[in-house]
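Everything below belongs to target20.cif, which stores mmCIF, C-alpha atoms, pLDDT in the B column; chains and numbers go by the auth columns.
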data_entry
#
loop_
_atom_site.group_PDB
_atom_site.id
_atom_site.type_symbol
_atom_site.label_atom_id
_atom_site.label_comp_id
_atom_site.label_asym_id
_atom_site.label_seq_id
_atom_site.Cartn_x
_atom_site.Cartn_y
_atom_site.Cartn_z
_atom_site.B_iso_or_equiv
_atom_site.auth_seq_id
_atom_site.auth_asym_id
ATOM 1 C CA MET A 1 61.481 -25.337 -26.683 49.00 256 T
ATOM 2 C CA HIS A 2 63.509 -28.465 -26.588 48.00 257 T
ATOM 3 C CA GLY A 3 62.168 -31.607 -28.150 45.00 258 T
ATOM 4 C CA HIS A 4 60.720 -33.224 -31.213 39.00 259 T
ATOM 5 C CA GLY A 5 58.057 -30.581 -31.681 39.00 260 T
ATOM 6 C CA ALA A 6 60.422 -27.673 -31.963 39.00 261 T
ATOM 7 C CA GLY A 7 60.289 -27.601 -35.705 40.00 262 T
ATOM 8 C CA ALA A 8 56.562 -26.946 -35.588 40.00 263 T
ATOM 9 C CA HIS A 9 57.059 -23.539 -34.004 48.00 264 T
ATOM 10 C CA GLY A 10 58.090 -21.663 -37.129 51.00 265 T
ATOM 11 C CA GLY A 11 56.125 -19.178 -39.178 60.00 266 T
ATOM 12 C CA VAL A 12 54.265 -16.140 -37.941 66.00 267 T
ATOM 13 C CA ALA A 13 53.814 -17.496 -34.390 68.00 268 T
ATOM 14 C CA ALA A 14 57.574 -17.762 -33.918 72.00 269 T
ATOM 15 C CA LEU A 15 58.081 -14.181 -35.110 83.00 270 T
ATOM 16 C CA LEU A 16 55.183 -12.706 -33.129 87.00 271 T
ATOM 17 C CA PRO A 17 57.388 -11.540 -30.198 90.00 272 T
ATOM 18 C CA VAL A 18 59.798 -9.949 -32.675 93.00 273 T
ATOM 19 C CA MET A 19 56.989 -8.076 -34.409 94.00 274 T
ATOM 20 C CA VAL A 20 55.627 -6.904 -31.064 94.00 275 T
ATOM 21 C CA ALA A 21 59.108 -5.707 -30.035 96.00 276 T
ATOM 22 C CA VAL A 22 59.599 -3.785 -33.301 96.00 277 T
ATOM 23 C CA LEU A 23 56.152 -2.189 -33.050 97.00 278 T
ATOM 24 C CA ALA A 24 56.711 -1.217 -29.407 97.00 279 T
ATOM 25 C CA ALA A 25 60.117 0.281 -30.214 97.00 280 T
ATOM 26 C CA GLY A 26 58.674 2.343 -33.071 97.00 281 T
ATOM 27 C CA CYS A 27 55.725 3.667 -31.046 96.00 282 T
ATOM 28 C CA TYR A 28 57.949 4.491 -28.073 97.00 283 T
ATOM 29 C CA ALA A 29 60.592 6.246 -30.179 97.00 284 T
ATOM 30 C CA LEU A 30 57.940 8.353 -31.930 97.00 285 T
ATOM 31 C CA ALA A 31 56.260 9.377 -28.659 96.00 286 T
ATOM 32 C CA ALA A 32 59.606 10.090 -26.983 96.00 287 T
ATOM 33 C CA ALA A 33 60.703 12.293 -29.914 95.00 288 T
ATOM 34 C CA ARG A 34 57.529 14.336 -29.582 94.00 289 T
ATOM 35 C CA ARG A 35 57.979 14.728 -25.826 93.00 290 T
ATOM 36 C CA ARG A 36 61.586 15.876 -26.283 91.00 291 T
ATOM 37 C CA ARG A 37 60.325 18.871 -28.247 89.00 292 T
ATOM 38 C CA GLU A 38 58.355 19.989 -25.195 88.00 293 T
ATOM 39 C CA ALA A 39 59.702 22.137 -22.375 86.00 294 T
ATOM 40 C CA ARG A 40 59.733 19.202 -19.948 88.00 295 T
ATOM 41 C CA GLY A 41 61.510 17.006 -22.476 91.00 296 T
ATOM 42 C CA TRP A 42 61.990 13.268 -22.130 95.00 297 T
ATOM 43 C CA SER A 43 64.959 11.390 -20.717 94.00 298 T
ATOM 44 C CA HIS A 44 67.401 9.953 -23.255 95.00 299 T
ATOM 45 C CA ARG A 45 68.315 7.303 -20.701 95.00 300 T
ATOM 46 C CA ARG A 46 64.733 6.113 -20.482 96.00 301 T
ATOM 47 C CA THR A 47 64.550 5.933 -24.262 97.00 302 T
ATOM 48 C CA ALA A 48 67.826 4.000 -24.429 97.00 303 T
ATOM 49 C CA ALA A 49 66.638 1.581 -21.722 97.00 304 T
ATOM 50 C CA PHE A 50 63.359 0.832 -23.477 98.00 305 T
ATOM 51 C CA LEU A 51 64.955 0.376 -26.888 98.00 306 T
ATOM 52 C CA ALA A 52 67.601 -1.894 -25.364 98.00 307 T
ATOM 53 C CA GLY A 53 64.785 -3.947 -23.866 98.00 308 T
ATOM 54 C CA THR A 54 63.093 -4.340 -27.248 98.00 309 T
ATOM 55 C CA VAL A 55 66.408 -5.359 -28.850 98.00 310 T
ATOM 56 C CA LEU A 56 66.971 -8.015 -26.177 97.00 311 T
ATOM 57 C CA LEU A 57 63.409 -9.260 -26.569 97.00 312 T
ATOM 58 C CA ALA A 58 63.773 -9.560 -30.342 96.00 313 T
ATOM 59 C CA ALA A 59 67.181 -11.232 -29.986 96.00 314 T
ATOM 60 C CA ALA A 60 65.632 -13.917 -27.777 96.00 315 T
ATOM 61 C CA PHE A 61 63.371 -15.065 -30.615 94.00 316 T
ATOM 62 C CA LEU A 62 65.710 -14.677 -33.567 94.00 317 T
ATOM 63 C CA PRO A 63 68.704 -16.775 -34.677 93.00 318 T
ATOM 64 C CA PRO A 64 71.085 -17.800 -33.310 94.00 319 T
ATOM 65 C CA VAL A 65 69.316 -17.930 -29.916 95.00 320 T
ATOM 66 C CA ALA A 66 66.004 -19.227 -31.262 93.00 321 T
ATOM 67 C CA THR A 67 67.764 -21.806 -33.431 92.00 322 T
ATOM 68 C CA LEU A 68 69.703 -23.165 -30.463 94.00 323 T
ATOM 69 C CA ALA A 69 66.651 -23.056 -28.196 92.00 324 T
ATOM 70 C CA ALA A 70 64.727 -25.289 -30.608 89.00 325 T
ATOM 71 C CA HIS A 71 66.903 -28.310 -29.835 90.00 326 T
ATOM 72 C CA ASP A 72 69.073 -27.515 -26.806 94.00 327 T
ATOM 73 C CA LEU A 73 68.002 -26.747 -23.235 95.00 328 T
ATOM 74 C CA ARG A 74 70.940 -24.357 -22.878 96.00 329 T
ATOM 75 C CA GLY A 75 69.624 -22.280 -25.755 95.00 330 T
ATOM 76 C CA HIS A 76 66.186 -22.302 -24.182 94.00 331 T
ATOM 77 C CA MET A 77 67.667 -20.985 -20.938 96.00 332 T
ATOM 78 C CA ILE A 78 69.494 -18.176 -22.765 97.00 333 T
ATOM 79 C CA GLN A 79 66.172 -17.345 -24.399 96.00 334 T
ATOM 80 C CA HIS A 80 64.472 -17.273 -20.993 96.00 335 T
ATOM 81 C CA LEU A 81 67.207 -15.072 -19.525 97.00 336 T
ATOM 82 C CA LEU A 82 66.867 -12.546 -22.338 97.00 337 T
ATOM 83 C CA ALA A 83 63.068 -12.546 -22.648 97.00 338 T
ATOM 84 C CA GLY A 84 62.093 -13.046 -19.021 96.00 339 T
ATOM 85 C CA MET A 85 64.721 -11.123 -17.056 97.00 340 T
ATOM 86 C CA LEU A 86 66.955 -8.737 -19.020 97.00 341 T
ATOM 87 C CA ALA A 87 64.482 -7.425 -21.626 98.00 342 T
ATOM 88 C CA PRO A 88 61.760 -6.715 -19.012 97.00 343 T
ATOM 89 C CA LEU A 89 64.197 -4.666 -16.957 97.00 344 T
ATOM 90 C CA GLY A 90 64.994 -2.435 -19.932 97.00 345 T
ATOM 91 C CA LEU A 91 61.348 -2.119 -20.912 98.00 346 T
ATOM 92 C CA VAL A 92 60.282 -1.173 -17.404 97.00 347 T
ATOM 93 C CA LEU A 93 63.099 1.346 -16.882 96.00 348 T
ATOM 94 C CA GLY A 94 61.885 3.130 -20.006 97.00 349 T
ATOM 95 C CA ALA A 95 58.784 4.233 -18.007 96.00 350 T
ATOM 96 C CA PRO A 96 56.357 3.434 -20.847 97.00 351 T
ATOM 97 C CA VAL A 97 53.251 4.083 -18.719 96.00 352 T
ATOM 98 C CA THR A 98 54.450 7.599 -17.902 95.00 353 T
ATOM 99 C CA LEU A 99 55.158 8.201 -21.588 96.00 354 T
ATOM 100 C CA VAL A 100 51.661 7.015 -22.517 95.00 355 T
ATOM 101 C CA LEU A 101 50.108 9.264 -19.860 94.00 356 T
ATOM 102 C CA ARG A 102 52.011 12.250 -21.244 93.00 357 T
ATOM 103 C CA SER A 103 51.245 11.398 -24.868 93.00 358 T
ATOM 104 C CA ALA A 104 47.637 10.235 -24.845 92.00 359 T
ATOM 105 C CA ALA A 105 44.502 12.330 -25.180 93.00 360 T
ATOM 106 C CA PRO A 106 42.441 12.892 -22.008 92.00 361 T
ATOM 107 C CA ARG A 107 40.238 9.889 -22.796 93.00 362 T
ATOM 108 C CA GLY A 108 43.298 7.673 -23.166 92.00 363 T
ATOM 109 C CA ARG A 109 44.784 8.937 -19.902 92.00 364 T
ATOM 110 C CA ARG A 110 41.537 8.159 -18.108 94.00 365 T
ATOM 111 C CA ALA A 111 41.607 4.643 -19.537 94.00 366 T
ATOM 112 C CA VAL A 112 45.178 4.069 -18.333 92.00 367 T
ATOM 113 C CA ALA A 113 44.309 5.474 -14.911 91.00 368 T
ATOM 114 C CA ALA A 114 41.316 3.126 -14.725 92.00 369 T
ATOM 115 C CA VAL A 115 43.580 0.150 -15.434 91.00 370 T
ATOM 116 C CA LEU A 116 46.026 1.269 -12.742 90.00 371 T
ATOM 117 C CA ARG A 117 43.139 1.479 -10.256 90.00 372 T
ATOM 118 C CA SER A 118 41.531 -1.801 -11.293 91.00 373 T
ATOM 119 C CA ARG A 119 40.996 -4.586 -8.781 90.00 374 T
ATOM 120 C CA TYR A 120 42.781 -7.100 -11.005 90.00 375 T
ATOM 121 C CA LEU A 121 45.936 -5.026 -11.203 91.00 376 T
ATOM 122 C CA HIS A 122 45.860 -4.394 -7.473 89.00 377 T
ATOM 123 C CA ALA A 123 45.569 -8.158 -6.971 89.00 378 T
ATOM 124 C CA VAL A 124 48.625 -9.048 -9.059 91.00 379 T
ATOM 125 C CA ALA A 125 50.799 -5.968 -8.458 90.00 380 T
ATOM 126 C CA GLY A 126 51.850 -6.822 -4.921 91.00 381 T
ATOM 127 C CA PRO A 127 55.564 -7.720 -4.730 93.00 382 T
ATOM 128 C CA TRP A 128 54.948 -11.186 -3.282 95.00 383 T
ATOM 129 C CA THR A 129 52.272 -11.953 -5.881 95.00 384 T
ATOM 130 C CA ALA A 130 54.516 -10.745 -8.701 95.00 385 T
ATOM 131 C CA ALA A 131 57.387 -12.879 -7.392 95.00 386 T
ATOM 132 C CA ALA A 132 55.107 -15.922 -7.153 95.00 387 T
ATOM 133 C CA LEU A 133 53.871 -15.473 -10.720 95.00 388 T
ATOM 134 C CA ASN A 134 57.426 -15.031 -11.978 95.00 389 T
ATOM 135 C CA LEU A 135 59.200 -17.834 -10.123 93.00 390 T
ATOM 136 C CA GLY A 136 56.166 -20.058 -9.744 93.00 391 T
ATOM 137 C CA GLY A 137 55.772 -20.096 -13.496 92.00 392 T
ATOM 138 C CA LEU A 138 59.331 -21.380 -13.876 93.00 393 T
ATOM 139 C CA ALA A 139 58.792 -24.055 -11.237 93.00 394 T
ATOM 140 C CA VAL A 140 55.644 -25.261 -12.995 94.00 395 T
ATOM 141 C CA LEU A 141 57.396 -25.220 -16.370 94.00 396 T
ATOM 142 C CA TYR A 142 60.377 -27.317 -15.321 94.00 397 T
ATOM 143 C CA ALA A 143 58.920 -29.506 -12.571 92.00 398 T
ATOM 144 C CA THR A 144 55.822 -30.686 -14.448 93.00 399 T
ATOM 145 C CA PRO A 145 55.115 -32.081 -17.949 93.00 400 T
ATOM 146 C CA LEU A 146 54.397 -28.531 -19.167 93.00 401 T
ATOM 147 C CA TYR A 147 57.842 -28.076 -20.741 91.00 402 T
ATOM 148 C CA ARG A 148 57.509 -31.281 -22.741 90.00 403 T
ATOM 149 C CA ALA A 149 53.912 -30.470 -23.716 91.00 404 T
ATOM 150 C CA ALA A 150 54.847 -26.999 -24.933 89.00 405 T
ATOM 151 C CA SER A 151 57.575 -28.536 -27.101 85.00 406 T
ATOM 152 C CA GLY A 152 54.887 -30.250 -29.168 84.00 407 T
ATOM 153 C CA SER A 153 52.212 -27.552 -29.188 87.00 408 T
ATOM 154 C CA PRO A 154 52.765 -24.233 -31.014 86.00 409 T
ATOM 155 C CA ALA A 155 49.851 -22.576 -29.200 88.00 410 T
ATOM 156 C CA LEU A 156 51.067 -23.653 -25.769 91.00 411 T
ATOM 157 C CA HIS A 157 54.607 -22.699 -26.751 89.00 412 T
ATOM 158 C CA VAL A 158 53.462 -19.117 -27.477 90.00 413 T
ATOM 159 C CA LEU A 159 51.467 -18.958 -24.236 93.00 414 T
ATOM 160 C CA VAL A 160 54.467 -20.070 -22.173 94.00 415 T
ATOM 161 C CA HIS A 161 56.661 -17.405 -23.730 93.00 416 T
ATOM 162 C CA ALA A 162 53.943 -14.778 -23.217 94.00 417 T
ATOM 163 C CA HIS A 163 53.767 -15.676 -19.530 96.00 418 T
ATOM 164 C CA VAL A 164 57.561 -15.521 -19.168 96.00 419 T
ATOM 165 C CA VAL A 165 57.730 -12.027 -20.674 96.00 420 T
ATOM 166 C CA ALA A 166 54.627 -10.704 -18.888 96.00 421 T
ATOM 167 C CA ALA A 167 55.635 -12.100 -15.489 96.00 422 T
ATOM 168 C CA GLY A 168 59.163 -10.735 -15.908 97.00 423 T
ATOM 169 C CA CYS A 169 57.824 -7.277 -16.749 97.00 424 T
ATOM 170 C CA LEU A 170 55.374 -7.363 -13.835 96.00 425 T
ATOM 171 C CA PHE A 171 58.090 -8.292 -11.346 96.00 426 T
ATOM 172 C CA ALA A 172 60.552 -5.690 -12.658 96.00 427 T
ATOM 173 C CA TRP A 173 57.819 -3.012 -12.639 96.00 428 T
ATOM 174 C CA VAL A 174 56.702 -3.747 -9.093 95.00 429 T
ATOM 175 C CA ILE A 175 60.250 -3.964 -7.723 95.00 430 T
ATOM 176 C CA ALA A 176 62.087 -1.180 -9.568 94.00 431 T
ATOM 177 C CA GLY A 177 59.871 0.519 -12.128 92.00 432 T
ATOM 178 C CA PRO A 178 59.807 4.328 -12.297 93.00 433 T
ATOM 179 C CA ASP A 179 56.170 4.189 -13.439 93.00 434 T
ATOM 180 C CA PRO A 180 53.388 4.480 -10.856 89.00 435 T
ATOM 181 C CA ALA A 181 52.309 1.138 -9.414 86.00 436 T
ATOM 182 C CA PRO A 182 49.647 0.176 -6.880 84.00 437 T
ATOM 183 C CA ARG A 183 50.639 -1.473 -3.604 79.00 438 T
ATOM 184 C CA ARG A 184 54.341 -0.724 -4.057 87.00 439 T
ATOM 185 C CA PRO A 185 55.959 -0.893 -0.592 89.00 440 T
ATOM 186 C CA PRO A 186 59.066 1.040 0.503 90.00 441 T
ATOM 187 C CA VAL A 187 62.444 0.013 -0.872 91.00 442 T
ATOM 188 C CA PRO A 188 63.573 -1.950 2.237 90.00 443 T
ATOM 189 C CA ARG A 189 60.540 -4.241 1.936 93.00 444 T
ATOM 190 C CA ARG A 190 61.089 -4.684 -1.781 94.00 445 T
ATOM 191 C CA LEU A 191 64.703 -5.658 -1.052 93.00 446 T
ATOM 192 C CA VAL A 192 63.384 -8.459 1.158 96.00 447 T
ATOM 193 C CA VAL A 193 61.131 -9.710 -1.652 96.00 448 T
ATOM 194 C CA LEU A 194 64.006 -9.538 -4.125 96.00 449 T
ATOM 195 C CA GLY A 195 66.282 -11.423 -1.713 95.00 450 T
ATOM 196 C CA VAL A 196 63.730 -14.219 -1.372 96.00 451 T
ATOM 197 C CA ALA A 197 63.303 -14.317 -5.158 95.00 452 T
ATOM 198 C CA ILE A 198 67.074 -14.596 -5.647 95.00 453 T
ATOM 199 C CA ALA A 199 67.243 -17.486 -3.184 96.00 454 T
ATOM 200 C CA ALA A 200 64.312 -19.282 -4.831 95.00 455 T
ATOM 201 C CA HIS A 201 65.818 -18.788 -8.289 95.00 456 T
ATOM 202 C CA ALA A 202 69.144 -20.208 -7.097 95.00 457 T
ATOM 203 C CA ALA A 203 67.405 -23.192 -5.483 96.00 458 T
ATOM 204 C CA LEU A 204 65.521 -23.975 -8.690 96.00 459 T
ATOM 205 C CA SER A 205 68.736 -23.870 -10.729 97.00 460 T
ATOM 206 C CA GLN A 206 70.452 -26.188 -8.245 97.00 461 T
ATOM 207 C CA LEU A 207 67.578 -28.661 -8.440 96.00 462 T
ATOM 208 C CA MET A 208 67.894 -28.551 -12.219 96.00 463 T
ATOM 209 C CA TYR A 209 71.647 -29.145 -12.037 96.00 464 T
ATOM 210 C CA ALA A 210 71.111 -32.155 -9.775 96.00 465 T
ATOM 211 C CA GLY A 211 68.494 -33.615 -12.112 94.00 466 T
ATOM 212 C CA LEU A 212 65.708 -33.408 -9.534 94.00 467 T
ATOM 213 C CA LEU A 213 63.152 -31.616 -11.716 93.00 468 T
ATOM 214 C CA PRO A 214 60.891 -34.313 -13.196 89.00 469 T
ATOM 215 C CA GLY A 215 59.719 -32.155 -16.073 84.00 470 T
ATOM 216 C CA LEU A 216 63.130 -32.221 -17.804 88.00 471 T
ATOM 217 C CA ASP A 217 64.515 -35.187 -19.726 85.00 472 T
ATOM 218 C CA ALA A 218 67.429 -33.449 -21.445 89.00 473 T
ATOM 219 C CA PRO A 219 70.926 -34.975 -21.500 93.00 474 T
ATOM 220 C CA ALA A 220 72.975 -34.302 -18.372 95.00 475 T
ATOM 221 C CA ALA A 221 75.419 -31.939 -20.134 95.00 476 T
ATOM 222 C CA GLU A 222 72.574 -29.808 -21.482 95.00 477 T
ATOM 223 C CA ARG A 223 70.699 -29.815 -18.188 96.00 478 T
ATOM 224 C CA GLN A 224 73.729 -28.822 -16.138 97.00 479 T
ATOM 225 C CA GLY A 225 74.766 -26.163 -18.637 97.00 480 T
ATOM 226 C CA ALA A 226 71.247 -24.723 -18.583 97.00 481 T
ATOM 227 C CA ALA A 227 71.264 -24.727 -14.792 97.00 482 T
ATOM 228 C CA GLU A 228 74.549 -22.785 -14.754 97.00 483 T
ATOM 229 C CA ILE A 229 73.104 -20.219 -17.187 97.00 484 T
ATOM 230 C CA MET A 230 70.050 -19.864 -14.955 97.00 485 T
ATOM 231 C CA TYR A 231 72.178 -19.531 -11.814 96.00 486 T
ATOM 232 C CA TYR A 232 74.848 -17.086 -12.972 96.00 487 T
ATOM 233 C CA GLY A 233 72.773 -15.235 -15.566 96.00 488 T
ATOM 234 C CA GLY A 234 69.966 -14.844 -13.049 93.00 489 T
ATOM 235 C CA ASP A 235 72.401 -13.401 -10.519 93.00 490 T
ATOM 236 C CA ILE A 236 73.479 -10.746 -13.024 95.00 491 T
ATOM 237 C CA ALA A 237 69.899 -9.848 -13.951 95.00 492 T
ATOM 238 C CA GLU A 238 68.784 -9.661 -10.319 94.00 493 T
ATOM 239 C CA LEU A 239 71.805 -7.546 -9.382 95.00 494 T
ATOM 240 C CA LEU A 240 70.869 -5.100 -12.138 96.00 495 T
ATOM 241 C CA LEU A 241 67.306 -5.072 -10.828 96.00 496 T
ATOM 242 C CA ALA A 242 68.544 -4.317 -7.307 94.00 497 T
ATOM 243 C CA LEU A 243 70.728 -1.477 -8.595 94.00 498 T
ATOM 244 C CA ALA A 244 67.800 -0.044 -10.536 93.00 499 T
ATOM 245 C CA MET A 245 65.667 -0.147 -7.410 92.00 500 T
ATOM 246 C CA LEU A 246 68.296 1.510 -5.237 88.00 501 T
ATOM 247 C CA THR A 247 68.795 4.350 -7.715 85.00 502 T
ATOM 248 C CA THR A 248 65.158 5.335 -7.186 73.00 503 T
ATOM 249 C CA TRP A 249 65.408 5.218 -3.390 70.00 504 T
ATOM 250 C CA ARG A 250 64.835 8.544 -1.694 63.00 505 T
ATOM 251 C CA PRO A 251 64.849 7.853 2.065 62.00 506 T
ATOM 252 C CA SER A 252 62.338 10.044 3.857 55.00 507 T
ATOM 253 C CA ARG A 253 63.853 12.504 6.277 54.00 508 T
ATOM 254 C CA ARG A 254 62.409 12.394 9.748 55.00 509 T
ATOM 255 C CA PRO A 255 61.668 15.771 11.301 54.00 510 T
ATOM 256 C CA ARG A 256 64.024 16.731 14.065 55.00 511 T
ATOM 257 C CA PRO A 257 62.429 16.475 17.499 57.00 512 T
ATOM 258 C CA ALA A 258 61.643 19.728 19.230 51.00 513 T
ATOM 259 C CA PRO A 259 63.933 20.585 22.156 54.00 514 T
ATOM 260 C CA ALA A 260 62.677 19.460 25.563 52.00 515 T
ATOM 261 C CA TYR A 261 62.800 23.015 26.822 53.00 516 T
ATOM 262 C CA ALA A 262 63.235 26.398 25.278 49.00 517 T
ATOM 263 C CA PRO A 263 65.987 28.659 26.573 53.00 518 T
ATOM 264 C CA ALA A 264 64.804 31.686 28.407 50.00 519 T
ATOM 265 C CA VAL A 265 64.917 34.906 26.430 50.00 520 T
ATOM 266 C CA HIS A 266 66.105 37.973 28.394 47.00 521 T
#

Whole structure given in structure tokens:
Amino acid sequence: MHGHGAGAHGGVAALLPVMVAVLAAGCYALAAARRRREARGWSHRRTAAFLAGTVLLAAAFLPPVATLAAHDLRGHMIQHLLAGMLAPLGLVLGAPVTLVLRSAAPRGRRAVAAVLRSRYLHAVAGPWTAAALNLGGLAVLYATPLYRAASGSPALHVLVHAHVVAAGCLFAWVIAGPDPAPRRPPVPRRLVVLGVAIAAHAALSQLMYAGLLPGLDAPAAERQGAAEIMYYGGDIAELLLALAMLTTWRPSRRPRPAPAYAPAVH
């Protein structure tokens, strides 16, 4: 975060996302290697996507990005782009839920299935809800005193980053994830949600550029640079998300109507 409290965010708390990313990469790689020895195998592309996601997530919280983010709003925005948009896309495209379902014991599979059927997950896994949690969190962060407060509070700082990563993963999963998800509508409807999210993201970056977000008190050069990173970097991330969604689209074929009359057989 940007501000006088940035220096307080060192130590284990600052490296927690990195440790989580390394642990996730190791567990995924081990499970994927075991599945590849089976007849059904496991996709190398899914493995590459997930590992790329963990690398991007770790990079967001290591120097030089983390060092710049501690005192410059532009660095913070690069960190957000990596941790909240690009890394979640890679993690989701790795289909980790499917890998867990194929790797876990029956009791573990039942537990995962119970989570997928839970009321809470059904409540948050709708595309509009996921978009609101993702973009609404950014609006609250930059348009209220939350950003400044998180700069001086290590605990709040960690919570903000956790929300950014979790909301980014939820949105990517609901929109384009290969894993099973409750309440996932057809691709055309998800394209509408993604289009609205792109417009809202662009509007927020423009408000930041114009200095109309009261939660930010950074110098104009930093603020405008951060807004440009949000605008153009967000476009790239959302385009990748749209492409990922379209690659999974299998339009249903409508049955051909029966002829109005049958020709006479002689």

Which residues would end up in the selection if the PyMOL selection byres ((chain T and resi 433) around 6) were applied here, given that I need the answer as an mmCIF file with C-alpha atoms, in the frame of the given file?
data_model
loop_
_atom_site.group_PDB
_atom_site.id
_atom_site.type_symbol
_atom_site.label_atom_id
_atom_site.label_comp_id
_atom_site.auth_asym_id
_atom_site.auth_seq_id
_atom_site.Cartn_x
_atom_site.Cartn_y
_atom_site.Cartn_z
ATOM 1 C CA ALA T 350 58.784 4.233 -18.007
ATOM 2 C CA GLY T 432 59.871 0.519 -12.128
ATOM 3 C CA ASP T 434 56.170 4.189 -13.439
#

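For segment 465-481 of chain T, the residues within 10 Å (counting all atoms listed in the file, excluding itself and residues fewer than 4 positions away along the chain) are His257, Gly258, His326, Asp327, Leu328, Arg329, Gly330, His331, Met332, Ile333, Ala394, Val395, Leu396, Tyr397, Ala398, Thr399, Pro400, Leu401, Tyr402, Arg403, Ala404, Leu459, Ser460, Gln461, Met485 and Tyr486 of chain T.
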
For the file shown, report as an NGL selection string the outcome of the PyMOL selection byres ((chain T and resi 441-450) around 8) at residue level.
:T and (382-383 or 386 or 430 or 439-440 or 451-454 or 493 or 497 or 500-501 or 504)

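In this model, the gap between atom CA of Gly345 of chain T and atom CA of Leu496 of chain T comes to 9.8 Å.
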
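The nearest approach to Arg357 of chain T among the residues T:Val413, T:Leu306, T:Ala287, T:Val420, with all atoms listed in the file taken into account, belongs to T:Ala287.
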
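Distance annotation: of T:Ala457, T:Cys282, T:Ala315, T:Leu271, the residue with the minimal separation from Leu414 of chain T is T:Leu271; atom set is only C-alpha atoms.
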
So which residues get picked by the PyMOL selection byres ((chain T and resi 422) around 8) here, written as a ChimeraX atom specification?
/T:339,385,388-389,418-421,423-426

Please save C-alpha atoms of the selected residues as a tab-separated table (two decimals), keeping the file's coordinate frame.
chain	number	residue	atom	x	y	z
T	339	GLY	CA	62.09	-13.05	-19.02
T	385	ALA	CA	54.52	-10.74	-8.70
T	388	LEU	CA	53.87	-15.47	-10.72
T	389	ASN	CA	57.43	-15.03	-11.98
T	418	HIS	CA	53.77	-15.68	-19.53
T	419	VAL	CA	57.56	-15.52	-19.17
T	420	VAL	CA	57.73	-12.03	-20.67
T	421	ALA	CA	54.63	-10.70	-18.89
T	423	GLY	CA	59.16	-10.74	-15.91
T	424	CYS	CA	57.82	-7.28	-16.75
T	425	LEU	CA	55.37	-7.36	-13.84
T	426	PHE	CA	58.09	-8.29	-11.35

So how far away is atom CA of Ala303 of chain T from atom CA of Pro435 of chain T, in Å?
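Atom-to-atom, atom CA of Pro435 of chain T to atom CA of Ala303 of chain T, that is 19.8 Å.
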
Rounded to one decimal in Å, what is the spacing between atom CA of Pro361 of chain T and atom CA of Gly281 of chain T?
22.3 Å

Hey, what's within 12 Å of Leu285 of chain T if we count only C-alpha atoms and toss same-chain stuff fewer than 4 positions away? As a list in words, please?
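After dropping sequence-adjacent residues, the list is Leu278, Ala279, Ala280, Gly281, Arg289, Arg290, Arg291, Arg292, Trp297, Thr302, Leu306, Leu354, Val355 and Ser358 of chain T.
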
Near-Leu376 of chain T list (12 Å; only C-alpha atoms; drop same-chain fewer than 2 positions) as a VMD selection string:
chain T and resid 367 to 374 378 to 382 384 to 385 425 429 436 to 439

Excluding Val277 of chain T and any residue of its chain fewer than 3 positions from it, enumerate the residues within 12 Å of it, using only C-alpha atoms, and give them as a list of chain:residue names.
T:Leu270, T:Leu271, T:Pro272, T:Val273, T:Met274, T:Ala280, T:Gly281, T:Cys282, T:Tyr283, T:Ala284, T:Phe305, T:Leu306, T:Ala307, T:Gly308, T:Thr309, T:Val310, T:Leu311, T:Leu312, T:Ala313, T:Ala314

Only C-alpha atoms, please: the residues just picked out, written as a PDB file, in the frame of the given file.
ATOM      1  CA  LEU T 270      58.081 -14.181 -35.110  1.00 83.00           C
ATOM      2  CA  LEU T 271      55.183 -12.706 -33.129  1.00 87.00           C
ATOM      3  CA  PRO T 272      57.388 -11.540 -30.198  1.00 90.00           C
ATOM      4  CA  VAL T 273      59.798  -9.949 -32.675  1.00 93.00           C
ATOM      5  CA  MET T 274      56.989  -8.076 -34.409  1.00 94.00           C
ATOM      6  CA  ALA T 280      60.117   0.281 -30.214  1.00 97.00           C
ATOM      7  CA  GLY T 281      58.674   2.343 -33.071  1.00 97.00           C
ATOM      8  CA  CYS T 282      55.725   3.667 -31.046  1.00 96.00           C
ATOM      9  CA  TYR T 283      57.949   4.491 -28.073  1.00 97.00           C
ATOM     10  CA  ALA T 284      60.592   6.246 -30.179  1.00 97.00           C
ATOM     11  CA  PHE T 305      63.359   0.832 -23.477  1.00 98.00           C
ATOM     12  CA  LEU T 306      64.955   0.376 -26.888  1.00 98.00           C
ATOM     13  CA  ALA T 307      67.601  -1.894 -25.364  1.00 98.00           C
ATOM     14  CA  GLY T 308      64.785  -3.947 -23.866  1.00 98.00           C
ATOM     15  CA  THR T 309      63.093  -4.340 -27.248  1.00 98.00           C
ATOM     16  CA  VAL T 310      66.408  -5.359 -28.850  1.00 98.00           C
ATOM     17  CA  LEU T 311      66.971  -8.015 -26.177  1.00 97.00           C
ATOM     18  CA  LEU T 312      63.409  -9.260 -26.569  1.00 97.00           C
ATOM     19  CA  ALA T 313      63.773  -9.560 -30.342  1.00 96.00           C
ATOM     20  CA  ALA T 314      67.181 -11.232 -29.986  1.00 96.00           C
TER      21      ALA T 314
END

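With all atoms listed in the file as the atoms that count, the minimum distance from Leu390 of chain T to the choices T:His456, T:His335, T:Arg362, T:His412 is reached by T:His456.
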
Could you give me the axis-aligned bounding box of segment 451-465 of chain T, with 4 Å of padding per side, as centre plus edge lengths in Å to one decimal, as JSON?
{"center_x": 67.5, "center_y": -23.2, "center_z": -6.8, "size_x": 16.3, "size_y": 25.9, "size_z": 18.8}
